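This is target_11.csv (CSV, C-alpha atoms).
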chain,number,residue,atom,x,y,z
A,1,MET,CA,42.3,58.3,13.1
A,2,THR,CA,45.1,58.5,10.5
A,3,PRO,CA,45.1,62.3,10.3
A,4,TYR,CA,45.6,62.6,14.0
A,5,VAL,CA,48.5,60.2,14.0
A,6,VAL,CA,50.0,62.0,11.0
A,7,LEU,CA,49.7,65.4,12.8
A,8,SER,CA,51.4,63.9,15.8
A,9,ALA,CA,54.2,62.6,13.6
A,10,ILE,CA,54.7,66.0,12.1
A,11,LEU,CA,54.7,67.8,15.5
A,12,PHE,CA,57.2,65.2,16.7
A,13,THR,CA,59.5,65.8,13.8
A,14,ILE,CA,59.3,69.6,14.2
A,15,GLY,CA,60.2,69.1,17.9
A,16,SER,CA,63.2,66.9,17.1
A,17,VAL,CA,64.5,69.4,14.5
A,18,GLY,CA,64.1,72.1,17.1
A,19,VAL,CA,66.1,70.2,19.7
A,20,LEU,CA,68.9,69.7,17.2
A,21,THR,CA,69.0,73.3,15.8
A,22,ARG,CA,68.2,75.7,18.5
A,23,ARG,CA,70.9,77.0,20.9
A,24,ASN,CA,69.0,78.5,23.8
A,25,ALA,CA,68.6,75.8,26.4
A,26,ILE,CA,65.1,76.9,27.3
A,27,VAL,CA,63.9,76.7,23.7
A,28,VAL,CA,65.5,73.3,23.4
A,29,PHE,CA,63.4,72.3,26.4
A,30,MET,CA,60.2,73.7,24.8
A,31,CYS,CA,60.9,71.5,21.8
A,32,VAL,CA,61.2,68.5,24.1
A,33,GLU,CA,57.8,69.4,25.5
A,34,LEU,CA,56.5,69.6,22.0
A,35,MET,CA,57.7,66.1,21.3
A,36,LEU,CA,56.1,64.8,24.5
A,37,ASN,CA,52.8,66.5,23.5
A,38,ALA,CA,52.9,64.9,20.0
A,39,SER,CA,53.3,61.5,21.5
A,40,ASN,CA,50.4,62.2,23.8
A,41,LEU,CA,48.2,63.0,20.8
A,42,ALA,CA,49.1,59.7,19.2
A,43,LEU,CA,48.3,57.9,22.4
A,44,VAL,CA,44.9,59.5,22.8
A,45,ALA,CA,44.1,58.9,19.1
A,46,PHE,CA,45.0,55.2,19.4
A,47,SER,CA,42.9,55.1,22.6
A,48,LYS,CA,39.8,56.2,20.6
A,49,GLN,CA,40.8,53.9,17.7
A,50,ASN,CA,40.9,50.8,19.9
A,51,GLY,CA,38.1,51.7,22.2
A,52,ASN,CA,39.9,51.3,25.5
A,53,LEU,CA,41.2,53.9,27.9
A,54,ASP,CA,44.7,52.6,28.4
A,55,GLY,CA,46.0,55.2,25.9
A,56,GLN,CA,44.5,58.0,27.9
A,57,ILE,CA,46.1,56.7,31.1
A,58,ALA,CA,49.4,56.5,29.4
A,59,ALA,CA,49.1,60.1,28.2
A,60,PHE,CA,48.3,61.1,31.7
A,61,PHE,CA,51.4,59.5,33.0
A,62,VAL,CA,53.4,61.2,30.3
A,63,MET,CA,52.1,64.5,31.5
A,64,VAL,CA,53.2,63.7,35.1
A,65,VAL,CA,56.7,62.7,33.9
A,66,ALA,CA,56.9,65.8,31.8
A,67,ALA,CA,56.0,68.0,34.7
A,68,ALA,CA,58.7,66.4,36.9
A,69,GLU,CA,61.2,66.7,34.0
A,70,VAL,CA,60.5,70.4,33.5
A,71,VAL,CA,60.9,71.1,37.2
A,72,VAL,CA,64.3,69.5,37.4
A,73,GLY,CA,65.5,70.6,33.9
A,74,LEU,CA,64.6,74.3,34.5
A,75,ALA,CA,66.4,74.1,37.9
A,76,ILE,CA,69.5,72.8,36.1
A,77,ILE,CA,69.3,75.6,33.5
A,78,MET,CA,69.0,78.1,36.4
A,79,THR,CA,72.1,76.6,38.1
A,80,ILE,CA,74.1,76.7,34.8
A,81,PHE,CA,73.0,80.3,34.2
A,82,ARG,CA,74.1,81.3,37.7
A,83,THR,CA,77.6,80.1,37.2
A,84,ARG,CA,78.1,81.0,33.5
A,85,ARG,CA,75.6,83.9,32.9
A,86,SER,CA,74.4,82.2,29.8
A,87,ALA,CA,71.5,79.9,28.8
A,88,SER,CA,73.2,78.7,25.6
A,89,VAL,CA,73.8,75.0,25.3
A,90,ASP,CA,77.1,75.6,23.5
A,91,ASP,CA,78.6,77.4,26.5
A,92,ALA,CA,78.3,74.3,28.8
A,93,SER,CA,81.1,72.4,27.0
A,94,LEU,CA,83.5,71.9,29.9
A,95,LEU,CA,83.6,68.1,29.5
A,96,LYS,CA,84.7,68.4,25.9
A,97,TYR,CA,88.3,69.0,26.7
B,1,MET,CA,36.7,66.4,11.8
B,2,THR,CA,36.1,70.0,11.1
B,3,THR,CA,37.8,71.0,14.3
B,4,PHE,CA,40.7,68.9,13.4
B,5,TRP,CA,41.2,70.5,10.0
B,6,ILE,CA,40.9,74.0,11.4
B,7,LEU,CA,43.3,73.3,14.3
B,8,ALA,CA,45.9,71.1,12.5
B,9,PRO,CA,47.3,73.9,10.2
B,10,ILE,CA,47.4,76.3,13.1
B,11,MET,CA,49.3,73.8,15.2
B,12,VAL,CA,51.8,73.0,12.5
B,13,LEU,CA,52.4,76.7,11.8
B,14,ALA,CA,52.8,77.5,15.4
B,15,ALA,CA,55.2,74.6,15.9
B,16,LEU,CA,57.2,75.7,12.9
B,17,GLY,CA,57.3,79.1,14.4
B,18,ILE,CA,59.1,77.8,17.4
B,19,LEU,CA,61.9,76.8,15.2
B,20,PHE,CA,62.3,80.2,13.5
B,21,VAL,CA,61.4,82.9,16.0
B,22,ARG,CA,64.5,84.6,17.6
B,23,LYS,CA,63.1,85.5,21.0
B,24,ALA,CA,62.4,82.7,23.5
B,25,VAL,CA,59.3,84.5,24.8
B,26,HIS,CA,57.7,84.3,21.4
B,27,ALA,CA,58.6,80.6,21.3
B,28,ALA,CA,56.8,80.1,24.6
B,29,LEU,CA,53.7,81.9,23.3
B,30,LEU,CA,53.6,79.7,20.2
B,31,LEU,CA,54.0,76.6,22.3
B,32,ALA,CA,50.9,77.8,24.3
B,33,VAL,CA,49.0,78.0,21.0
B,34,VAL,CA,50.0,74.4,20.2
B,35,MET,CA,49.1,73.1,23.6
B,36,ILE,CA,45.7,74.8,23.8
B,37,SER,CA,44.9,73.5,20.3
B,38,LEU,CA,46.0,70.1,21.4
B,39,ALA,CA,43.6,70.3,24.4
B,40,VAL,CA,40.7,71.0,22.0
B,41,LEU,CA,41.8,68.0,19.9
B,42,TYR,CA,41.6,65.8,23.1
B,43,LEU,CA,38.0,66.9,23.4
B,44,THR,CA,37.2,65.7,19.9
B,45,LEU,CA,39.0,62.5,20.8
B,46,GLN,CA,36.5,61.8,23.6
B,47,ALA,CA,39.0,62.6,26.4
B,48,PRO,CA,37.4,65.4,28.4
B,49,PHE,CA,39.6,64.7,31.5
B,50,LEU,CA,42.8,65.0,29.5
B,51,PHE,CA,41.4,68.3,28.0
B,52,ALA,CA,41.2,69.8,31.4
B,53,VAL,CA,44.5,68.3,32.6
B,54,GLN,CA,46.3,69.6,29.4
B,55,ILE,CA,45.1,73.1,30.0
B,56,ILE,CA,45.7,73.1,33.8
B,57,VAL,CA,49.0,71.2,33.8
B,58,TYR,CA,50.7,72.1,30.5
B,59,THR,CA,49.4,75.6,29.7
B,60,GLY,CA,48.8,76.6,33.3
B,61,ALA,CA,51.8,75.1,35.2
B,62,ILE,CA,54.5,74.0,32.8
B,63,LEU,CA,54.4,77.0,30.5
B,64,MET,CA,54.2,79.4,33.4
B,65,LEU,CA,57.3,77.8,34.8
B,66,PHE,CA,59.0,78.3,31.4
B,67,LEU,CA,58.1,81.9,31.3
B,68,PHE,CA,59.1,82.4,35.0
B,69,VAL,CA,62.6,80.9,34.3
B,70,LEU,CA,62.8,82.9,31.1
B,71,MET,CA,62.2,86.1,33.0
B,72,LEU,CA,64.8,85.1,35.7
B,73,VAL,CA,67.4,84.1,33.1
B,74,GLY,CA,66.9,87.3,31.2
B,75,VAL,CA,64.8,87.9,28.1
B,76,ASP,CA,67.9,89.1,26.2
B,77,ALA,CA,69.5,85.6,26.3
B,78,SER,CA,68.8,85.2,22.6
B,79,ASP,CA,70.0,82.5,20.3
B,80,SER,CA,73.4,82.7,18.6
B,81,VAL,CA,73.5,81.8,15.0
B,82,VAL,CA,77.1,80.5,15.1
B,83,GLU,CA,77.4,76.8,14.4
B,84,THR,CA,79.7,75.0,16.8
B,85,ILE,CA,79.7,71.8,14.7
B,86,LYS,CA,80.1,72.6,11.0
B,87,GLY,CA,77.0,71.7,8.9
B,88,GLN,CA,75.0,70.6,11.9
B,89,ARG,CA,72.0,72.7,11.1
B,90,ALA,CA,71.8,71.4,7.5
B,91,MET,CA,72.2,67.9,8.7
B,92,ALA,CA,69.5,68.4,11.3
B,93,ILE,CA,67.1,69.7,8.8
B,94,VAL,CA,67.8,66.9,6.3
B,95,GLY,CA,67.5,64.3,9.1
B,96,GLY,CA,64.2,65.9,10.2
B,97,LEU,CA,62.8,65.8,6.7
B,98,LEU,CA,63.8,62.2,6.4
B,99,LEU,CA,62.3,61.3,9.7
B,100,GLY,CA,59.1,63.2,9.0
B,101,SER,CA,58.6,61.8,5.5
B,102,VAL,CA,59.3,58.2,6.7
B,103,LEU,CA,56.8,58.6,9.5
B,104,VAL,CA,54.1,60.3,7.4
B,105,ILE,CA,54.4,58.0,4.4
B,106,GLY,CA,54.5,55.0,6.7
B,107,LEU,CA,51.4,56.1,8.6
B,108,THR,CA,49.4,57.0,5.6
B,109,GLN,CA,50.2,53.6,4.0
B,110,MET,CA,49.0,51.8,7.1
B,111,SER,CA,45.3,51.0,7.4
B,112,LEU,CA,44.0,51.3,11.0
B,113,GLY,CA,40.7,49.6,10.4
B,114,PRO,CA,37.3,50.9,11.7
B,115,VAL,CA,37.3,53.2,14.6
B,116,VAL,CA,35.9,51.5,17.7
B,117,GLY,CA,35.2,54.7,19.6
B,118,LEU,CA,35.1,55.3,23.3
B,119,ASP,CA,31.3,55.5,23.7
B,120,LYS,CA,31.2,52.1,25.4
B,121,ALA,CA,34.2,52.7,27.6
B,122,ASN,CA,33.0,56.1,28.6
B,123,ALA,CA,29.4,54.9,29.3
B,124,ASN,CA,29.6,55.9,33.0
B,125,GLY,CA,31.5,59.1,32.2
B,126,ASN,CA,35.2,59.5,31.3
B,127,ILE,CA,36.6,60.3,34.7
B,128,PRO,CA,35.0,57.3,36.6
B,129,ALA,CA,36.2,55.0,33.8
B,130,LEU,CA,39.7,56.4,34.0
B,131,ALA,CA,39.7,56.1,37.8
B,132,ASP,CA,38.6,52.5,37.6
B,133,ILE,CA,41.6,51.6,35.4
B,134,MET,CA,44.1,53.8,37.2
B,135,PHE,CA,43.4,52.6,40.7
B,136,SER,CA,43.2,48.9,39.8
B,137,GLN,CA,45.4,48.0,36.9
B,138,TYR,CA,47.8,50.9,37.1
B,139,VAL,CA,47.9,51.5,40.8
B,140,PHE,CA,51.6,50.6,41.1
B,141,ALA,CA,52.5,53.0,38.4
B,142,PHE,CA,50.4,55.6,40.1
B,143,GLU,CA,52.3,55.1,43.4
B,144,VAL,CA,55.7,55.2,41.7
B,145,THR,CA,54.6,58.5,40.1
B,146,SER,CA,54.1,60.0,43.5
B,147,ALA,CA,57.7,59.0,44.4
B,148,LEU,CA,58.9,60.5,41.1
B,149,LEU,CA,57.1,63.8,41.8
B,150,ILE,CA,58.5,64.2,45.3
B,151,THR,CA,62.0,63.3,44.0
B,152,ALA,CA,61.7,66.0,41.4
B,153,ALA,CA,60.5,68.6,43.9
B,154,VAL,CA,63.3,67.9,46.3
B,155,GLY,CA,65.8,67.8,43.4
B,156,ALA,CA,64.7,71.2,42.2
B,157,MET,CA,64.9,72.6,45.7
B,158,VAL,CA,68.5,71.3,46.1
B,159,LEU,CA,69.5,72.6,42.7
B,160,ALA,CA,68.0,76.0,43.1
B,161,HIS,CA,69.2,76.5,46.7
B,162,ARG,CA,72.3,78.6,47.2
B,163,GLU,CA,74.2,78.5,50.4
B,164,ARG,CA,75.4,81.9,51.6
B,165,LEU,CA,79.2,81.6,52.2
B,166,ASP,CA,79.9,85.1,53.7
B,167,PRO,CA,77.8,87.1,56.0
B,168,LYS,CA,75.2,89.5,54.4
B,169,PRO,CA,76.6,93.0,54.0
B,170,THR,CA,75.0,95.4,56.5
B,171,GLN,CA,74.0,99.0,55.6
B,172,ALA,CA,77.1,100.3,57.3
B,173,ASP,CA,79.3,98.0,55.1
B,174,LEU,CA,77.5,99.2,52.0
B,175,ALA,CA,78.0,102.9,52.9
B,176,ALA,CA,81.7,102.3,53.7
B,177,GLN,CA,82.1,100.5,50.3
B,178,ARG,CA,80.4,103.4,48.5
B,179,MET,CA,82.8,105.9,50.1
B,180,GLN,CA,85.8,103.7,49.2
B,181,ASP,CA,84.6,103.5,45.6
B,182,TYR,CA,84.3,107.3,45.6
B,183,ALA,CA,87.9,107.7,46.9
B,184,ALA,CA,89.3,105.1,44.5
B,185,SER,CA,87.5,105.9,41.2
B,186,GLY,CA,85.4,109.0,41.9
B,187,LYS,CA,82.1,107.1,41.5
B,188,HIS,CA,79.3,109.2,42.7
B,189,PRO,CA,78.2,107.9,46.1
B,190,GLY,CA,74.6,109.2,46.0
B,191,ASN,CA,71.6,107.9,44.1
B,192,LEU,CA,71.6,107.1,40.5
B,193,PRO,CA,69.8,109.6,38.3
B,194,THR,CA,66.1,108.9,37.9
B,195,PRO,CA,64.8,108.1,34.4
B,196,GLY,CA,62.5,110.3,32.4
B,197,VAL,CA,62.8,113.9,33.6
B,198,PHE,CA,60.7,115.2,30.7
B,199,ALA,CA,57.3,116.6,31.2
B,200,ARG,CA,55.9,114.5,28.3
B,201,HIS,CA,57.7,111.2,29.1
B,202,ASN,CA,58.4,110.2,32.6
B,203,ALA,CA,58.4,106.5,31.7
B,204,VAL,CA,61.2,104.3,33.0
B,205,ASP,CA,62.4,103.6,29.5
B,206,THR,CA,63.3,107.3,28.8
B,207,PRO,CA,66.8,108.1,30.0
B,208,ALA,CA,67.5,111.3,31.9
B,209,LEU,CA,69.5,114.0,30.1
B,210,LEU,CA,72.8,115.2,31.5
B,211,PRO,CA,73.5,119.0,31.5
B,212,ASP,CA,75.3,118.7,28.1
B,213,GLY,CA,72.2,117.1,26.5
B,214,THR,CA,73.5,113.5,26.3
B,215,ALA,CA,71.4,110.7,27.7
B,216,SER,CA,72.5,109.3,31.0
B,217,GLU,CA,73.0,105.6,30.7
B,218,SER,CA,72.8,104.9,34.5
B,219,SER,CA,69.3,106.3,34.7
B,220,VAL,CA,67.7,103.4,32.8
B,221,SER,CA,67.5,99.8,34.0
B,222,ARG,CA,70.2,97.6,32.6
B,223,VAL,CA,67.6,95.0,31.6
B,224,LEU,CA,65.7,97.5,29.4
B,225,ALA,CA,69.0,98.5,27.7
B,226,ALA,CA,69.8,94.8,27.0
B,227,ARG,CA,66.3,94.3,25.5
B,228,GLY,CA,66.8,97.3,23.3
B,229,THR,CA,63.6,99.0,24.4
B,230,VAL,CA,65.2,102.3,25.6
B,231,ARG,CA,63.7,105.4,24.0
B,232,SER,CA,65.9,108.0,22.6
B,233,ALA,CA,65.7,111.0,24.9
B,234,PRO,CA,66.8,113.7,22.3
B,235,ALA,CA,64.0,112.4,20.0
B,236,MET,CA,61.5,113.2,22.7
B,237,ALA,CA,62.6,116.8,22.7
B,238,ASP,CA,62.5,117.1,18.9
B,239,ASP,CA,58.8,117.7,18.5
B,240,ILE,CA,58.8,120.7,20.8
B,241,ALA,CA,59.0,122.9,17.7
B,242,GLY,CA,56.0,121.2,16.3
B,243,ILE,CA,53.9,121.6,19.4
B,244,GLU,CA,54.9,125.3,19.6
B,245,ARG,CA,53.7,125.7,16.0
B,246,GLN,CA,50.4,124.0,16.8
B,247,LEU,CA,50.0,126.4,19.8
B,248,GLY,CA,50.5,129.3,17.4
B,249,GLN,CA,53.7,130.5,19.1
B,250,ALA,CA,56.9,131.5,17.4
B,251,PRO,CA,59.5,128.7,17.4
B,252,HIS,CA,61.8,128.8,20.4
B,253,ALA,CA,64.5,131.2,19.7
B,254,GLY,CA,67.2,129.5,21.8
B,255,ARG,CA,66.6,126.1,20.2
B,256,ASP,CA,69.2,124.8,17.9
B,257,ALA,CA,67.8,124.1,14.4
B,258,SER,CA,70.2,121.3,13.8
B,259,ALA,CA,69.3,119.2,16.8
B,260,PRO,CA,69.7,115.5,16.4
B,261,ALA,CA,66.6,114.5,14.6
B,262,THR,CA,66.5,110.8,15.3
B,263,THR,CA,62.9,109.6,15.8
B,264,GLU,CA,63.6,105.9,15.9
B,265,GLU,CA,64.4,104.0,19.0
B,266,GLU,CA,68.0,103.5,20.0
B,267,ALA,CA,69.7,100.4,18.7
B,268,PRO,CA,70.0,97.4,21.1
B,269,ALA,CA,73.0,97.9,23.4
B,270,THR,CA,74.2,94.3,22.9
Show me this structure written as structure tokens.
Amino acid sequence: MTPYVVLSAILFTIGSVGVLTRRNAIVVFMCVELMLNASNLALVAFSKQNGNLDGQIAAFFVMVVAAAEVVVGLAIIMTIFRTRRSASVDDASLLKY
Amino acid sequence: MTTFWILAPIMVLAALGILFVRKAVHAALLLAVVMISLAVLYLTLQAPFLFAVQIIVYTGAILMLFLFVLMLVGVDASDSVVETIKGQRAMAIVGGLLLGSVLVIGLTQMSLGPVVGLDKANANGNIPALADIMFSQYVFAFEVTSALLITAAVGAMVLAHRERLDPKPTQADLAAQRMQDYAASGKHPGNLPTPGVFARHNAVDTPALLPDGTASESSVSRVLAARGTVRSAPAMADDIAGIERQLGQAPHAGRDASAPATTEEEAPAT
């Protein structure tokens, strides 16, 4: 099972670097989804490793939370875009000053 | 393991692609590659229910939602390369490499022991076994999940809803506004010119030509101009001479030999 877990760690790292470097809010969101997916892969791999289904249940709940998060997050991006005509995370910096 | 070794490089390459592609739509497609490969990996990990859910929920619903919002927000909303915090990109890459190497080295050093496998747990089928656990041990979490989903749905509706503050303009108001614009700035009150008046190209991405031969900007959709996919109208007219030669006719006498000979598409307007 080690290769699966290593792959999940690599995907998680790529997702976290994407969150830190990309500027488009939607792409940042996609990278968050990538990190969630990577953690799901680790959960399912450990489920097979240990021979019980709790890991698969946890992955299922992660998917539900991800769906809820995407719905709210994309609605927020839409609202920000409506007021600022931009989907860049750098433009929403009103609280900085 | 063959499936894994075929899919793992594809997934890593597609995930890396998300970091480097400029257009958000391409990132969404690469994410779809990662998610579908992940679904196949779930199948090899004896999780057929998660395989189906991954494809239906992630690739079907979540990614469609992403593409939907991407189209609403505008495909031209591309990434800027300007750093707001100095050195942030380099720091992020160094931090990512550190995190990745720590995780990978740590995980490869660790010994997980023999794989138990899910054959015993899945003896009556994967879905009945999952249902047994979910509706006994995890039933409270399951119920809380329903509350979370309905909160998210209501929240998205509240966020996306926009209250109309002034009455909707009627057709009479619009006509009066058009005439006022005409009086004030001389803006033509009639229809905008239609795109593509050429016999060969009446596509929406071909601008109409004004009497003096220049392309009319108002005849093409603003979105197409922002995406940079507008064709150059004079370029379409350029190969008339070639067609005439193929037909065995003499080149058109009235045609200017030094017409603008640009065959490539116009540069993005942004």
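Neighbouring residues of Met1 in chain A at 8 Å or closer, counting all atoms listed in the file and skipping chain neighbours under 5 positions away, are A:Ala45, A:Phe46, A:Gln49, B:Leu112, B:Val115.
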Deliver the residues from the most recent selection as a file, using C-alpha atoms, as an mmCIF file, in the frame of the given file.
data_model
loop_
_atom_site.group_PDB
_atom_site.id
_atom_site.type_symbol
_atom_site.label_atom_id
_atom_site.label_comp_id
_atom_site.auth_asym_id
_atom_site.auth_seq_id
_atom_site.Cartn_x
_atom_site.Cartn_y
_atom_site.Cartn_z
ATOM 1 C CA ALA A 45 44.100 58.900 19.100
ATOM 2 C CA PHE A 46 45.000 55.200 19.400
ATOM 3 C CA GLN A 49 40.800 53.900 17.700
ATOM 4 C CA LEU B 112 44.000 51.300 11.000
ATOM 5 C CA VAL B 115 37.300 53.200 14.600
#
One decimal place gives the CA of Gly155 in chain B-CA of Ala27 in chain B separation as 26.5 Å
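Nearest to Glu33 in chain A of all the residues A:Ala59, A:Leu11, A:Ala66, A:Val17 is A:Ala66, based on all atoms listed in the file.
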Just want the 10 Å neighbourhood of Thr79 in chain A, counted on all atoms listed in the file, with same-chain residues fewer than 4 positions away dropped. Output as a PyMOL selection string. (chain A and resi 73-75+83-85+87) or (chain B and resi 159-162)
ask   = Can you tell me, as a PyMOL selection string, what residues are no more than 9 Å from Asp54 in chain A when counting only C-alpha atoms, ignoring any on the same chain fewer than 6 positions away?
value = (chain A and resi 43-44+47) or (chain B and resi 130+133-134)
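When all atoms listed in the file are used to compute distances to Val27 in chain A, the closest of the residues A:Ser93, A:Asn52, A:Pro3, A:Ser88 turns out to be A:Ser88.
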re CA of Ala156 in chain B and CA of Met78 in chain A: distance 10.0 Å
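Between CA of Lys168 in chain B and CA of Gln180 in chain B there is a distance of 18.5 Å.
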Compute the set of chain A residues within 6 Å of chain B, using all atoms listed in the file, and express it as an NGL selection string.
:A and (6 or 13 or 17-18 or 21 or 23-24 or 48-51 or 68 or 72 or 75)
Closest of A:Leu36, A:Ile14, A:Ile76, A:Val19 to Phe60 in chain A, counting only C-alpha atoms, is A:Leu36
Can you patch up range 1-17 of chain B, filling it in to N, CA and C atoms, and show the result as a CSV table (one decimal), in the frame of the given file?
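Resulting contents of selection.csv:
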chain,number,residue,atom,x,y,z
B,1,MET,N,35.5,66.2,12.5
B,1,MET,CA,36.7,66.4,11.8
B,1,MET,C,37.0,67.8,11.4
B,2,THR,N,35.9,68.6,11.4
B,2,THR,CA,36.1,70.0,11.1
B,2,THR,C,37.1,70.7,12.0
B,3,THR,N,36.9,70.4,13.3
B,3,THR,CA,37.8,71.0,14.3
B,3,THR,C,39.2,70.6,14.0
B,4,PHE,N,39.4,69.4,13.7
B,4,PHE,CA,40.7,68.9,13.4
B,4,PHE,C,41.3,69.7,12.2
B,5,TRP,N,40.6,69.8,11.1
B,5,TRP,CA,41.2,70.5,10.0
B,5,TRP,C,41.4,71.9,10.2
B,6,ILE,N,40.6,72.6,11.1
B,6,ILE,CA,40.9,74.0,11.4
B,6,ILE,C,42.2,74.1,12.3
B,7,LEU,N,42.3,73.2,13.3
B,7,LEU,CA,43.3,73.3,14.3
B,7,LEU,C,44.7,72.8,13.8
B,8,ALA,N,44.6,71.7,12.9
B,8,ALA,CA,45.9,71.1,12.5
B,8,ALA,C,46.8,72.1,11.8
B,9,PRO,N,46.4,72.9,10.8
B,9,PRO,CA,47.3,73.9,10.2
B,9,PRO,C,47.8,74.9,11.2
B,10,ILE,N,46.9,75.3,12.1
B,10,ILE,CA,47.4,76.3,13.1
B,10,ILE,C,48.5,75.7,14.0
B,11,MET,N,48.3,74.4,14.4
B,11,MET,CA,49.3,73.8,15.2
B,11,MET,C,50.6,73.6,14.5
B,12,VAL,N,50.6,73.2,13.2
B,12,VAL,CA,51.8,73.0,12.5
B,12,VAL,C,52.5,74.3,12.3
B,13,LEU,N,51.8,75.4,12.0
B,13,LEU,CA,52.4,76.7,11.8
B,13,LEU,C,53.0,77.2,13.0
B,14,ALA,N,52.3,77.0,14.2
B,14,ALA,CA,52.8,77.5,15.4
B,14,ALA,C,54.1,76.7,15.8
B,15,ALA,N,54.1,75.4,15.6
B,15,ALA,CA,55.2,74.6,15.9
B,15,ALA,C,56.4,75.0,15.0
B,16,LEU,N,56.1,75.2,13.7
B,16,LEU,CA,57.2,75.7,12.9
B,16,LEU,C,57.8,77.0,13.3
B,17,GLY,N,56.9,77.9,13.9
B,17,GLY,CA,57.3,79.1,14.4
B,17,GLY,C,58.3,79.0,15.5
